[in-house]
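Undergrad: Input: one structure, supplied below.
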Amino acid sequence: MIAGRSGAAGVSRRRADPVSRETGPGIETLTRPSTEEEAAQGVALSPPWMTILWNCDCHTFEQVANQLVKAIGCSYEEGMAIADRVHNDGKAVVRVGPRTECERVAGILAAIGLRVTVAEA
């Protein structure tokens with residue numbers, strides 16, 4: 001777990017281990033339980049979510065770039081740059097936003113067998 005700063009009431013803000021669940025073929029969604037401080041304050045804001053694309057050696061750069069164009073509306077050149085980042089770093093965050101949007105993007109990427117995860121940012 002990652003320990004954070006103490007809150008105003010002296011409650012330690014700690015991120016709990018994420019809870020994983022399968023939301024579709026090739027899509028994993030990670031959520032984190034709320035902290036005691038968030039529950040006590042009645043925080044109702046939705047946290048941002050992110051779609052993470054993982055490296056696999058079963059798709060060409062061109063296939064990944066073309067699917068990114070469909071999923072996030074980037075140019076083909078931007079898709080190739082993201083594919084290169086995924087190849088070199090093992091993963092890349094390709095979308096940050098509301099959960100429904102991140103899951104939509106993940107579904108499009110997973111449609112050709114790409115490995116993706118949707119997680120709270």
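In the structure tokens, chains take the letters A, B, ... in the order shown, each chain's residues start at 1, and ligands count up from 1 in the order shown.
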I want to know what sits within 6 Å of A:Leu53, based on only C-alpha atoms, with residues of the same chain fewer than 6 positions away left out; could you give that as a PyMOL selection string?
TA: chain A and resi 91-92+116
Undergrad: Which residues, written as a list of chain:residue names, have at least one atom at most 9 Å from stretch 107-114 of chain A, with only C-alpha atoms counted and residues fewer than 5 positions away on the same chain left out?
TA: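 The contact residues come out as A:Gly24, A:Pro25, A:Gly26, A:Ile27, A:Leu53, A:Trp54, A:Asn55, A:Cys56, A:Cys58, A:His59, A:Gln63, A:Val64, A:Gln67, A:Leu68, A:Lys70, A:Ala71, A:Cys102.
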Undergrad: At what distance in Å, to one decimal, does atom CA of A:Ala121 lie from atom CA of A:Glu62?
TA: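 Separation between atom CA of A:Glu62 and atom CA of A:Ala121: 27.9 Å.
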Undergrad: Quick one: residues within 6 Å of stretch 44-49 of chain A, only C-alpha atoms, excluding same-chain residues fewer than 2 positions away - as a list of chain:residue names?
TA: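 My reading of the contact set: A:Val96, A:Gly97, A:Pro98, A:Arg99, A:Ala119, A:Glu120, A:Ala121.
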Undergrad: In Å to one decimal, how far is atom CA of A:Phe61 from atom CA of A:Glu28?
TA: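 Atom CA of A:Glu28 sits 22.4 Å away from atom CA of A:Phe61.
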Undergrad: Which polymer residues have any atom within 12 Å of an atom of A:Cys74, counting only C-alpha atoms, with same-chain residues fewer than 6 positions away left out, as a PyMOL selection string?
TA: chain A and resi 64-68+80-82+94-95
Undergrad: Residues near A:Val118, anyone? I mean within 6 Å using only C-alpha atoms, not counting same-chain ones fewer than 4 positions away, as a PyMOL selection string.
TA: chain A and resi 29+50-51
